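Note: the block below is entry_18.txt and it holds compact mmCIF, C-alpha atoms.
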# COMPACT_ATOMS: atom_id res chain seq x y z
CA MET K 1124 116.72 108.92 167.76
CA ASP K 1125 114.30 109.98 170.51
CA LEU K 1126 111.85 108.06 172.67
CA SER K 1127 108.97 108.59 170.23
CA ASP K 1128 110.96 107.12 167.35
CA ALA K 1129 112.05 104.16 169.45
CA ALA K 1130 108.52 103.44 170.68
CA ARG K 1131 107.07 103.72 167.19
CA GLU K 1132 109.57 101.17 165.91
CA LEU K 1133 109.28 98.79 168.84
CA TYR K 1134 105.48 98.63 168.97
CA GLY K 1135 105.41 97.92 165.25
CA LEU K 1136 107.34 94.68 165.81
CA ALA K 1137 106.01 91.26 166.71
CA PRO K 1138 106.05 90.68 170.50
CA ALA K 1139 108.75 88.02 170.14
CA GLU K 1140 111.10 90.57 168.53
CA PHE K 1141 110.41 93.36 171.00
CA THR K 1142 112.82 92.67 173.87
CA ALA K 1143 115.97 92.10 171.82
CA ARG K 1144 115.42 95.21 169.73
CA ARG K 1145 114.59 97.30 172.82
CA ASN K 1146 117.85 96.26 174.42
CA ASP K 1147 119.75 97.14 171.24
CA LEU K 1148 118.17 100.60 171.09
CA ALA K 1149 118.87 101.23 174.78
CA LYS K 1150 122.49 100.21 174.25
CA GLU K 1151 122.77 102.56 171.25
CA ALA K 1152 121.38 105.44 173.31
CA ARG K 1153 123.81 104.68 176.14
CA ALA K 1154 126.73 104.47 173.73
CA SER K 1155 125.79 107.88 172.35
CA GLY K 1156 126.00 109.34 175.86
CA ASP K 1157 122.24 109.70 176.50
CA ALA K 1158 121.80 107.64 179.67
CA ALA K 1159 118.36 109.15 180.39
CA LEU K 1160 117.02 108.09 177.00
CA ALA K 1161 118.53 104.63 177.45
CA LYS K 1162 116.70 104.29 180.76
CA ARG K 1163 113.37 105.38 179.26
CA ILE K 1164 113.75 103.01 176.32
CA GLY K 1165 114.64 100.19 178.70
CA ALA K 1166 111.41 100.87 180.62
CA LEU K 1167 109.20 100.28 177.56
CA ARG K 1168 107.15 97.15 178.13
CA ARG K 1169 106.67 94.31 175.69
CA PRO K 1170 103.07 94.39 174.40
CA THR K 1171 100.55 91.68 175.14
CA SER K 1172 99.01 89.88 172.18
CA SER K 1173 95.83 91.96 172.38
CA ALA K 1174 97.70 95.28 172.70
CA TRP K 1175 99.92 94.29 169.75
CA ALA K 1176 96.82 93.51 167.69
CA VAL K 1177 95.35 96.96 168.39
CA ASP K 1178 98.72 98.56 167.57
CA ARG K 1179 98.64 96.76 164.21
CA LEU K 1180 95.22 98.24 163.50
CA SER K 1181 96.65 101.75 163.82
CA ARG K 1182 99.22 100.88 161.16
CA SER K 1183 97.26 98.58 158.84
CA ALA K 1184 93.68 99.87 159.15
CA PRO K 1185 94.02 103.56 160.11
CA GLY K 1186 90.93 104.56 158.12
CA GLU K 1187 88.49 102.21 159.84
CA LEU K 1188 90.10 102.87 163.21
CA GLY K 1189 89.82 106.63 162.62
CA ASP K 1190 86.11 106.21 161.79
CA LEU K 1191 85.56 104.47 165.13
CA LEU K 1192 87.44 107.14 167.08
CA ASP K 1193 85.42 109.85 165.32
CA VAL K 1194 82.18 108.10 166.33
CA GLY K 1195 83.52 107.95 169.88
CA ALA K 1196 84.17 111.71 169.86
CA ASP K 1197 80.61 112.30 168.61
CA LEU K 1198 79.21 110.07 171.35
CA ARG K 1199 81.17 111.87 174.07
CA ALA K 1200 79.94 115.21 172.76
CA ALA K 1201 76.34 113.95 172.74
CA TRP K 1202 76.61 112.61 176.29
CA ALA K 1203 78.11 115.86 177.54
CA SER K 1204 75.46 118.05 175.94
CA GLY K 1205 72.51 115.76 176.40
CA GLY K 1206 72.14 115.73 172.62
CA HIS K 1207 70.59 113.11 170.38
CA ILE K 1208 72.66 109.93 170.12
CA GLY K 1209 70.68 108.60 167.18
CA ASP K 1210 72.42 105.77 165.37
CA LEU K 1211 75.86 106.47 166.84
CA GLU K 1212 75.74 103.46 169.16
CA GLN K 1213 74.84 101.14 166.30
CA ARG K 1214 77.63 102.56 164.15
CA ARG K 1215 80.05 102.04 167.03
CA SER K 1216 79.02 98.39 167.41
CA ASP K 1217 79.34 97.75 163.68
CA LEU K 1218 82.79 99.37 163.48
CA ILE K 1219 84.11 97.51 166.54
CA ALA K 1220 82.91 94.18 165.13
CA ARG K 1221 84.59 94.95 161.80
CA LEU K 1222 87.85 96.03 163.45
CA VAL K 1223 87.95 92.92 165.66
CA ARG K 1224 87.68 90.76 162.54
CA THR K 1225 90.48 92.77 160.93
CA ALA K 1226 92.64 92.43 164.06
CA ARG K 1227 92.21 88.64 164.04
CA ARG K 1228 93.15 88.47 160.37
CA LEU K 1229 96.24 90.64 160.86
CA ALA K 1230 97.31 88.59 163.87
CA ASP K 1231 96.98 85.37 161.86
CA GLU K 1232 99.02 86.88 159.03
CA GLY K 1233 101.66 88.04 161.53
CA GLY K 1234 102.06 84.51 162.91
CA ASN K 1235 100.58 85.40 166.30
CA PRO K 1236 96.93 84.16 166.33
CA LEU K 1237 94.73 85.64 169.03
CA ARG K 1238 93.15 83.50 171.71
CA ASP K 1239 89.54 84.14 172.72
CA THR K 1240 90.66 86.10 175.78
CA ALA K 1241 92.85 88.36 173.65
CA VAL K 1242 89.98 88.90 171.19
CA ARG K 1243 87.77 90.09 174.06
CA GLU K 1244 90.55 92.42 175.24
CA VAL K 1245 90.82 93.90 171.74
CA GLU K 1246 87.06 94.55 171.76
CA GLU K 1247 87.19 96.10 175.26
CA THR K 1248 90.11 98.32 174.27
CA LEU K 1249 88.28 99.62 171.19
CA LEU K 1250 85.16 100.26 173.28
CA ALA K 1251 87.21 102.14 175.90
CA ALA K 1252 88.70 104.27 173.11
CA THR K 1253 85.21 105.53 172.23
CA VAL K 1254 84.47 106.48 175.84
CA GLU K 1255 87.75 107.96 177.11
CA GLU K 1256 89.67 110.52 175.10
CA ASP K 1257 93.10 109.59 176.48
CA VAL K 1258 92.59 105.94 175.53
CA ALA K 1259 91.52 107.06 172.05
CA GLU K 1260 94.83 108.93 171.69
CA GLU K 1261 96.84 105.89 172.85
CA VAL K 1262 95.03 103.67 170.35
CA ARG K 1263 95.53 106.17 167.55
CA GLU K 1264 99.30 106.36 168.24
CA GLY K 1265 99.63 102.55 168.16
CA ARG K 1266 101.95 102.24 171.17
CA LEU K 1267 99.86 100.17 173.59
CA ALA K 1268 101.65 97.68 175.82
CA GLN K 1269 98.53 96.60 177.73
CA PRO K 1270 94.85 96.37 176.75
CA ARG K 1271 92.52 99.05 178.06
CA SER K 1272 89.06 98.88 179.62
CA HIS K 1273 86.59 101.55 180.64
CA SER K 1274 85.98 101.70 184.39
CA GLY K 1275 83.99 104.93 184.56
CA PHE K 1276 80.28 105.55 184.08
CA ASP K 1277 79.02 105.19 180.54
CA THR K 1278 75.67 106.86 180.12
CA THR K 1279 74.89 104.73 177.07
CA GLY K 1280 71.81 102.65 177.69
CA PHE K 1281 70.59 104.73 180.61
CA GLY K 1282 68.74 107.47 178.78
CA PHE K 1283 65.23 108.21 179.90
CA PRO K 1284 62.27 108.58 177.55
CA VAL K 1285 61.00 112.10 177.35
CA GLY K 1286 57.24 112.20 177.14
CA PRO K 1287 55.10 115.05 175.84
CA ALA K 1288 54.85 118.08 178.06
CA PRO K 1289 51.77 117.94 180.33
CA ARG K 1290 48.86 119.93 178.99
CA ARG K 1291 47.69 122.86 180.91
CA PRO K 1292 44.00 122.60 181.78
CA LYS K 1293 41.80 124.80 179.69
CA SER K 1294 40.30 127.68 181.57
CA ALA K 1295 36.58 127.42 182.11
CA LYS K 1296 34.50 129.82 180.08
CA LYS K 1297 33.73 132.88 182.10
CA ALA K 1298 30.08 133.26 183.06
CA LYS K 1299 28.47 136.57 182.43
CA GLU K 1300 28.21 138.63 185.57
CA PRO K 1301 25.53 141.17 186.27
CA LYS K 1302 26.55 144.69 185.57
CA GLY K 1303 27.69 146.68 188.53
CA SER K 1304 29.04 143.73 190.47
CA ARG K 1305 32.68 142.69 190.45
CA ARG K 1306 34.11 139.62 192.01
CA PRO K 1307 37.77 139.28 192.88
CA ALA K 1308 39.74 137.33 190.30
CA PRO K 1309 40.20 133.72 191.46
CA ALA K 1310 43.72 132.66 192.36
CA PRO K 1311 45.37 130.68 189.55
CA GLU K 1312 45.27 126.96 190.08
CA PRO K 1313 48.70 125.38 190.55
CA GLU K 1314 49.90 123.45 187.54
CA PRO K 1315 49.89 119.69 188.14
CA GLU K 1316 53.23 118.05 188.71
CA PRO K 1317 54.27 115.89 185.76
CA GLU K 1318 53.67 112.28 186.52
CA VAL K 1319 56.76 110.08 186.92
CA SER K 1320 56.19 106.43 186.19
CA GLU K 1321 57.51 103.67 188.42
CA LEU K 1322 59.69 102.50 185.52
CA ASP K 1323 61.32 105.94 185.26
CA ARG K 1324 61.98 105.96 188.99
CA ARG K 1325 63.60 102.54 188.87
CA ARG K 1326 65.73 103.56 185.91
CA ALA K 1327 66.87 106.74 187.64
CA GLU K 1328 67.73 104.88 190.82
CA LYS K 1329 69.65 102.25 188.85
CA ALA K 1330 71.60 104.95 187.01
CA ARG K 1331 72.49 106.72 190.27
CA ARG K 1332 73.56 103.44 191.87
CA LEU K 1333 75.72 102.48 188.91
CA ALA K 1334 77.25 105.94 188.89
CA ARG K 1335 78.21 105.64 192.56
CA GLU K 1336 79.66 102.17 192.02
CA ALA K 1337 81.56 103.30 188.94
CA GLU K 1338 83.07 106.30 190.73
CA LYS K 1339 84.13 104.06 193.61
CA ALA K 1340 85.69 101.59 191.17
CA LEU K 1341 87.44 104.43 189.34
CA SER K 1342 88.94 105.70 192.59
CA GLN K 1343 90.20 102.20 193.42
CA ARG K 1344 91.68 101.80 189.94
CA LYS K 1345 93.49 105.12 190.28
CA GLU K 1346 95.07 103.92 193.52
CA GLU K 1347 96.05 100.63 191.87
CA VAL K 1348 97.57 102.51 188.95
CA GLY K 1349 99.57 104.68 191.34
CA ARG K 1350 100.91 101.66 193.21
CA ALA K 1351 101.70 99.81 189.99
CA ARG K 1352 103.46 102.86 188.57
CA ARG K 1353 105.61 103.24 191.68
CA GLU K 1354 106.43 99.53 191.59
CA LEU K 1355 107.33 99.76 187.90
CA GLU K 1356 109.60 102.72 188.52
CA GLY K 1357 111.39 100.83 191.29
CA VAL K 1358 111.80 97.70 189.19
CA THR K 1359 112.92 99.79 186.20
CA ASP K 1360 115.62 101.44 188.29
CA GLU K 1361 116.74 98.03 189.51
CA VAL K 1362 116.80 96.62 185.96
CA THR K 1363 118.76 99.65 184.75
CA ARG K 1364 121.29 99.19 187.57
CA LEU K 1365 121.67 95.48 186.86
CA ARG K 1366 122.06 96.11 183.14
CA ARG K 1367 124.74 98.70 183.85
CA GLU K 1368 126.55 96.26 186.15
CA LEU K 1369 126.22 93.54 183.51
CA ASP K 1370 127.66 95.84 180.85
CA GLU K 1371 130.55 96.70 183.16
CA ALA K 1372 131.13 93.02 183.96
CA VAL K 1373 131.11 92.14 180.26
CA SER K 1374 133.63 94.92 179.63
CA ARG K 1375 135.88 93.55 182.39
CA GLN K 1376 135.47 90.05 180.99
CA GLU K 1377 136.48 91.21 177.52
CA ALA K 1378 139.50 93.07 178.93
CA ALA K 1379 140.53 89.99 180.92
CA GLN K 1380 140.18 87.85 177.80
CA ARG K 1381 142.42 90.24 175.89
CA ARG K 1382 145.03 90.10 178.67
CA LEU K 1383 144.86 86.30 178.69
CA ASP K 1384 145.31 86.14 174.92
CA LYS K 1385 148.30 88.48 175.16
CA ALA K 1386 149.86 86.45 178.00
CA GLU K 1387 149.39 83.18 176.12
CA ARG K 1388 151.06 84.61 173.02
CA ALA K 1389 153.99 85.84 175.16
CA HIS K 1390 154.16 82.41 176.80
CA GLU K 1391 154.30 80.73 173.41
CA ARG K 1392 157.12 83.05 172.29
CA ALA K 1393 159.08 82.40 175.52
CA ALA K 1394 158.60 78.65 175.17
CA GLY K 1395 159.90 78.80 171.60
CA ALA K 1396 162.90 80.83 172.66
CA ALA K 1397 163.66 78.41 175.47
CA GLU K 1398 163.45 75.44 173.15
CA GLU K 1399 165.79 77.14 170.67
CA ALA K 1400 168.26 77.91 173.49
CA ARG K 1401 168.18 74.28 174.63
CA ARG K 1402 168.94 73.09 171.11
CA GLU K 1403 171.88 75.48 170.77
CA ALA K 1404 173.29 74.42 174.16
CA ALA K 1405 173.08 70.75 173.19
CA ALA K 1406 174.85 71.44 169.93
CA ALA K 1407 177.67 73.31 171.71
CA ARG K 1408 178.44 70.26 173.88
CA ILE K 1409 179.06 68.02 170.89

Target format structure tokens, applied to this file:
Amino acid sequence: MDLSDAARELYGLAPAEFTARRNDLAKEARASGDAALAKRIGALRRPTSSAWAVDRLSRSAPGELGDLLDVGADLRAAWASGGHIGDLEQRRSDLIARLVRTARRLADEGGNPLRDTAVREVEETLLAATVEEDVAEEVREGRLAQPRSHSGFDTTGFGFPVGPAPRRPKSAKKAKEPKGSRRPAPAPEPEPEPEVSELDRRRAEKARRLAREAEKALSQRKEEVGRARRELEGVTDEVTRLRRELDEAVSRQEAAQRRLDKAERAHERAAGAAEEARREAAAARI
């Protein structure tokens, strides 16, 4: 067993079954002498209802989920190249709506119905998977413990209409000049600047503002993730230490119980022998 096998099994279980099975797997790894693996298994977090629902999609509806992730890859490629998005956004919306319905059905069948908040988190996670490649990979693997959301800048909805190229003014027909006289060729007139509408300017400014805000939010989220990760590592170390101490205490308790059982049996034998000796002594005095 390795960490990948353990995670695949654990995140396929219902949330209520997760913790007990995780502890069993960590104990098995520790018993086999792999303390590092036991620690990493013990650090795996129980999934939220929404994360569990998305994990079930990867197992029960891989085809539809794969279609959505493929659309997401096409969208990212179009955004990067400035290509034509076409009907990709509509296909994404349709697939997310279909997958959310499937997730609700699977959750009902699994005895863990989704609340409205969890349904929204499922939808946000699927949307984030179409925007960020690393989230798409997490969703595809089906090992989410927490829902995901996209905090970066999504260019969807901020495209600008491209109008026809401005026409170059037609050159005036040259007038016939008398023979023998030459005039210097007139300097070419500068081409007019393409007109930018007020609507385009407002859209561009809005896009730039949202981009700045999104980058600021992304930076803050990265810092929060770093702090949370450090906190998790500290708590995980503490949990591992306490589990080890608990295991040692249980071992000492079991050893003490065995010693007590042995002492009680010896006491019972001694009491029997003493009683037999008292009976023999009484008989000898008769």

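You can rank K:Leu1383, K:Ala1176, K:Leu1250, K:Leu1211 by their closest distance to Asp1231 of chain K using only C-alpha atoms, and at the top of that list sits K:Ala1176.
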
Inset, instruction - Please work out which residues fall within 12 Å of (83.5, 102.0, 161.0), coordinates as given in the file, with all atoms listed in the file counting, and return them as number ranges by chain. - result: K: 1184-1195, 1211-1223, 1225, 1249, 1253

Legend entry - Among the residues K:Val1242, K:Ala1152, K:Ala1203, K:Ala1226, the one that comes closest to Val1254 of chain K [using all atoms listed in the file]: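 Smallest separation from Val1254 of chain K among the options: K:Ala1203.
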
Inset, instruction - Could you check how far atom CA of Glu1328 of chain K sits from atom CA of Arg1344 of chain K, in Å to one decimal? - result: 24.2 Å

Legend entry - Neighbour residues at most 7 Å from (109.1, 94.8, 177.0) (all atoms listed in the file) as a VMD selection string: chain K and resid 1141 to 1142 1167 to 1170

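If you count all atoms listed in the file and ignore residues fewer than 6 places along the chain from Glu1244 of chain K, what sits within 8 Å of it is Ser1173, Pro1270, Arg1271 and Ser1272 of chain K.
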
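The spacing separating atom CA of Arg1366 of chain K from atom CA of Ile1164 of chain K amounts to 12.8 Å.
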
Written-out segment 1235-1246 of chain K (all heavy atoms) as a short mmCIF file (atom, residue, chain, number, x, y, z; two decimals), in the first residue's frame:
data_model
loop_
_atom_site.label_atom_id
_atom_site.label_comp_id
_atom_site.auth_asym_id
_atom_site.auth_seq_id
_atom_site.Cartn_x
_atom_site.Cartn_y
_atom_site.Cartn_z
N ASN K 1235 -26.36 10.90 1.84
CA ASN K 1235 -25.75 12.14 2.33
C ASN K 1235 -26.24 13.31 1.48
O ASN K 1235 -25.47 13.90 0.72
CB ASN K 1235 -24.21 12.03 2.27
CG ASN K 1235 -23.53 13.17 3.00
OD1 ASN K 1235 -24.03 13.65 4.01
ND2 ASN K 1235 -22.39 13.60 2.50
N PRO K 1236 -27.53 13.66 1.55
CA PRO K 1236 -28.09 14.72 0.70
C PRO K 1236 -27.34 16.04 0.87
O PRO K 1236 -26.85 16.36 1.96
CB PRO K 1236 -29.54 14.84 1.19
CG PRO K 1236 -29.83 13.56 1.89
CD PRO K 1236 -28.53 13.10 2.48
N LEU K 1237 -27.24 16.78 -0.22
CA LEU K 1237 -26.49 18.03 -0.21
C LEU K 1237 -27.39 19.19 0.16
O LEU K 1237 -28.49 19.33 -0.38
CB LEU K 1237 -25.88 18.28 -1.60
CG LEU K 1237 -24.88 17.26 -2.12
CD1 LEU K 1237 -24.41 17.64 -3.51
CD2 LEU K 1237 -23.68 17.13 -1.18
N ARG K 1238 -26.92 20.04 1.05
CA ARG K 1238 -27.61 21.29 1.34
C ARG K 1238 -27.36 22.28 0.20
O ARG K 1238 -26.48 22.07 -0.63
CB ARG K 1238 -27.12 21.88 2.67
CG ARG K 1238 -27.39 20.98 3.88
CD ARG K 1238 -26.82 21.61 5.13
NE ARG K 1238 -27.05 20.78 6.30
CZ ARG K 1238 -28.13 20.87 7.08
NH1 ARG K 1238 -29.06 21.77 6.79
NH2 ARG K 1238 -28.27 20.09 8.13
N ASP K 1239 -28.11 23.37 0.22
CA ASP K 1239 -27.97 24.37 -0.85
C ASP K 1239 -26.55 24.93 -0.91
O ASP K 1239 -26.01 25.15 -1.99
CB ASP K 1239 -28.97 25.51 -0.64
CG ASP K 1239 -30.42 25.06 -0.87
OD1 ASP K 1239 -30.61 24.00 -1.49
OD2 ASP K 1239 -31.34 25.77 -0.42
N THR K 1240 -25.96 25.15 0.27
CA THR K 1240 -24.59 25.68 0.29
C THR K 1240 -23.62 24.70 -0.37
O THR K 1240 -22.74 25.10 -1.14
CB THR K 1240 -24.14 25.93 1.74
OG1 THR K 1240 -25.04 26.86 2.34
CG2 THR K 1240 -22.72 26.50 1.77
N ALA K 1241 -23.78 23.42 -0.08
CA ALA K 1241 -22.90 22.41 -0.67
C ALA K 1241 -23.11 22.31 -2.18
O ALA K 1241 -22.16 22.12 -2.94
CB ALA K 1241 -23.15 21.05 -0.02
N VAL K 1242 -24.36 22.48 -2.63
CA VAL K 1242 -24.63 22.45 -4.07
C VAL K 1242 -23.89 23.59 -4.77
O VAL K 1242 -23.28 23.40 -5.83
CB VAL K 1242 -26.14 22.55 -4.34
CG1 VAL K 1242 -26.41 22.72 -5.83
CG2 VAL K 1242 -26.85 21.29 -3.83
N ARG K 1243 -23.92 24.78 -4.15
CA ARG K 1243 -23.19 25.91 -4.74
C ARG K 1243 -21.69 25.65 -4.76
O ARG K 1243 -21.00 26.01 -5.71
CB ARG K 1243 -23.50 27.19 -3.96
CG ARG K 1243 -24.90 27.73 -4.19
CD ARG K 1243 -25.03 29.15 -3.67
NE ARG K 1243 -24.89 29.22 -2.22
CZ ARG K 1243 -25.90 29.07 -1.36
NH1 ARG K 1243 -27.12 28.84 -1.82
NH2 ARG K 1243 -25.69 29.15 -0.06
N GLU K 1244 -21.18 25.00 -3.72
CA GLU K 1244 -19.74 24.68 -3.68
C GLU K 1244 -19.37 23.67 -4.76
O GLU K 1244 -18.28 23.77 -5.34
CB GLU K 1244 -19.37 24.16 -2.30
CG GLU K 1244 -19.40 25.23 -1.23
CD GLU K 1244 -19.15 24.67 0.16
OE1 GLU K 1244 -19.21 23.43 0.34
OE2 GLU K 1244 -18.89 25.47 1.08
N VAL K 1245 -20.26 22.72 -5.03
CA VAL K 1245 -20.01 21.78 -6.12
C VAL K 1245 -19.92 22.54 -7.45
O VAL K 1245 -19.02 22.30 -8.26
CB VAL K 1245 -21.14 20.72 -6.19
CG1 VAL K 1245 -21.03 19.90 -7.47
CG2 VAL K 1245 -21.06 19.79 -4.98
N GLU K 1246 -20.86 23.45 -7.66
CA GLU K 1246 -20.87 24.23 -8.91
C GLU K 1246 -19.60 25.08 -9.04
O GLU K 1246 -18.98 25.14 -10.11
CB GLU K 1246 -22.11 25.12 -8.94
CG GLU K 1246 -22.29 25.88 -10.24
CD GLU K 1246 -23.59 26.64 -10.28
OE1 GLU K 1246 -24.32 26.66 -9.27
OE2 GLU K 1246 -23.89 27.23 -11.33
#
